[in-house]
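*Asks:* Take a look at the following structure, please.
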Amino acid sequence: DLDNPLHKEIKVVDMSLLKPYMGNPRHNNKSAEMVAKSIKEFGYINPIVVDENMTILAGNTRFKALQLLGYDEVEVLVVSGLTEKQKNGIVIADNRAGEYSKWNMSALERRLNTAELDESILK
């Protein structure tokens, strides 16, 4: 239920302003290394979602990856006007969504064969 007005804005901010979501239920240090390899290979293209207090709602792994790569500034999507319940919901949904996906293995194999990827970014 989004009865409250939301405001969204893309900004470039200093990394030191961002605050990881306290109590984030996801342990993502190993994933951060993989995401860092991907960012190094393809660039940083997906902004971190934060609230008006610069608390990360979606993108804690990207944040850690960008720290590993030594970024000083980062593009964020600031979403203001969310209730605490909605913020918690975004954090959980962002972390759980991928768990419900299944791979189409033949399509994945075709993509891997045609992408000419450095295999190390997948490990």
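Going through the structure tokens in order, the chains are called A, B, and so on, while each chain numbers its residues from 1 and the ligands are numbered from 1 in the order shown.
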Taking 4 positions as the minimum chain separation for residues in the same chain, which residues sit within 10 Å of Lys40 (chain A) when counting only C-alpha atoms? Answer as a ChimeraX atom specification.
*Replies:* /A:34-36,44,65-66,69,121
*Asks:* Hey, what's within 7 Å of Leu57 (chain A) if we count only C-alpha atoms and toss same-chain stuff fewer than 5 positions away? As an MDAnalysis selection string, please?
*Replies:* chainID A and resid 21 49:51 87 90:91
*Asks:* Just the selected residues (all heavy atoms), exported as a PDB file, in the first residue's frame, please.
*Replies:*
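And here's selection.pdb as it stands now:
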```pdb
ATOM      1  N   TYR A  21      22.192  -0.962   5.583  1.00  0.00           N
ATOM      2  CA  TYR A  21      20.961  -1.193   6.330  1.00  0.00           C
ATOM      3  C   TYR A  21      21.279  -2.059   7.532  1.00  0.00           C
ATOM      4  O   TYR A  21      21.758  -3.186   7.391  1.00  0.00           O
ATOM      5  CB  TYR A  21      19.941  -1.881   5.421  1.00  0.00           C
ATOM      6  CG  TYR A  21      18.541  -1.896   5.968  1.00  0.00           C
ATOM      7  CD1 TYR A  21      17.713  -0.793   5.792  1.00  0.00           C
ATOM      8  CD2 TYR A  21      18.040  -2.995   6.647  1.00  0.00           C
ATOM      9  CE1 TYR A  21      16.419  -0.784   6.281  1.00  0.00           C
ATOM     10  CE2 TYR A  21      16.753  -2.997   7.139  1.00  0.00           C
ATOM     11  CZ  TYR A  21      15.950  -1.893   6.940  1.00  0.00           C
ATOM     12  OH  TYR A  21      14.668  -1.879   7.431  1.00  0.00           O
ATOM     13  N   VAL A  49      19.847   1.840  -4.229  1.00  0.00           N
ATOM     14  CA  VAL A  49      18.616   2.477  -3.768  1.00  0.00           C
ATOM     15  C   VAL A  49      18.784   2.818  -2.288  1.00  0.00           C
ATOM     16  O   VAL A  49      19.110   1.945  -1.484  1.00  0.00           O
ATOM     17  CB  VAL A  49      17.389   1.562  -3.971  1.00  0.00           C
ATOM     18  CG1 VAL A  49      16.111   2.239  -3.468  1.00  0.00           C
ATOM     19  CG2 VAL A  49      17.247   1.178  -5.443  1.00  0.00           C
ATOM     20  N   VAL A  50      18.563   4.095  -1.965  1.00  0.00           N
ATOM     21  CA  VAL A  50      18.703   4.571  -0.586  1.00  0.00           C
ATOM     22  C   VAL A  50      17.464   5.352  -0.182  1.00  0.00           C
ATOM     23  O   VAL A  50      16.708   5.824  -1.030  1.00  0.00           O
ATOM     24  CB  VAL A  50      19.955   5.468  -0.406  1.00  0.00           C
ATOM     25  CG1 VAL A  50      21.232   4.706  -0.716  1.00  0.00           C
ATOM     26  CG2 VAL A  50      19.861   6.735  -1.257  1.00  0.00           C
ATOM     27  N   ASP A  51      17.274   5.486   1.127  1.00  0.00           N
ATOM     28  CA  ASP A  51      16.199   6.357   1.607  1.00  0.00           C
ATOM     29  C   ASP A  51      16.738   7.781   1.756  1.00  0.00           C
ATOM     30  O   ASP A  51      17.896   8.056   1.430  1.00  0.00           O
ATOM     31  CB  ASP A  51      15.573   5.819   2.901  1.00  0.00           C
ATOM     32  CG  ASP A  51      16.489   5.866   4.112  1.00  0.00           C
ATOM     33  OD1 ASP A  51      17.591   6.469   4.044  1.00  0.00           O
ATOM     34  OD2 ASP A  51      16.109   5.296   5.146  1.00  0.00           O
ATOM     35  N   LYS A  87      10.207   0.184   3.941  1.00  0.00           N
ATOM     36  CA  LYS A  87      11.658   0.035   3.838  1.00  0.00           C
ATOM     37  C   LYS A  87      12.067  -1.401   4.135  1.00  0.00           C
ATOM     38  O   LYS A  87      12.877  -1.992   3.413  1.00  0.00           O
ATOM     39  CB  LYS A  87      12.369   1.009   4.783  1.00  0.00           C
ATOM     40  CG  LYS A  87      12.242   2.454   4.360  1.00  0.00           C
ATOM     41  CD  LYS A  87      12.877   3.368   5.399  1.00  0.00           C
ATOM     42  CE  LYS A  87      12.617   4.828   5.075  1.00  0.00           C
ATOM     43  NZ  LYS A  87      13.252   5.732   6.051  1.00  0.00           N
ATOM     44  N   ILE A  90      11.169  -3.611   1.195  1.00  0.00           N
ATOM     45  CA  ILE A  90      12.088  -3.482   0.056  1.00  0.00           C
ATOM     46  C   ILE A  90      13.364  -4.269   0.314  1.00  0.00           C
ATOM     47  O   ILE A  90      13.850  -4.987  -0.560  1.00  0.00           O
ATOM     48  CB  ILE A  90      12.411  -1.994  -0.220  1.00  0.00           C
ATOM     49  CG1 ILE A  90      11.182  -1.295  -0.811  1.00  0.00           C
ATOM     50  CG2 ILE A  90      13.611  -1.852  -1.159  1.00  0.00           C
ATOM     51  CD1 ILE A  90      11.302   0.207  -0.893  1.00  0.00           C
ATOM     52  N   VAL A  91      13.904  -4.154   1.517  1.00  0.00           N
ATOM     53  CA  VAL A  91      15.132  -4.877   1.861  1.00  0.00           C
ATOM     54  C   VAL A  91      14.925  -6.386   1.708  1.00  0.00           C
ATOM     55  O   VAL A  91      15.738  -7.079   1.102  1.00  0.00           O
ATOM     56  CB  VAL A  91      15.598  -4.528   3.295  1.00  0.00           C
ATOM     57  CG1 VAL A  91      16.705  -5.458   3.763  1.00  0.00           C
ATOM     58  CG2 VAL A  91      16.045  -3.079   3.356  1.00  0.00           C
TER      59      VAL A  91
END
```
*Asks:* With only C-alpha atoms as the basis for distance, which of A:Lys30, A:Lys19, A:Lys11, A:Lys37 is at the shortest distance from Ala58 (chain A)?
*Replies:*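 Closest candidate: A:Lys19.
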*Asks:* Taking only C-alpha atoms into account, name the residue in A:Glu73, A:Leu6, A:Arg62, A:Asn29 that is nearest to Gln86 (chain A).
*Replies:* A:Leu6
*Asks:* Select, from A:Gln67, A:Thr61, A:Ser80, A:Thr114, the residue with the minimum atom-to-atom distance to Asn46 (chain A), counting only C-alpha atoms.
*Replies:*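 Counting only C-alpha atoms, the residue closest to Asn46 (chain A) is A:Thr61.
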*Asks:* What is the CA of Ile45 (chain A) to CA of Met105 (chain A) distance in Å?
*Replies:*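 So the two atoms, CA of Ile45 (chain A) and CA of Met105 (chain A), lie 25.5 Å apart.
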*Asks:* Just checking: using only C-alpha atoms, which residue out of A:Lys102, A:Asp94, A:Glu52, A:Ser31 ends up closest to Leu82 (chain A)?
*Replies:* A:Glu52
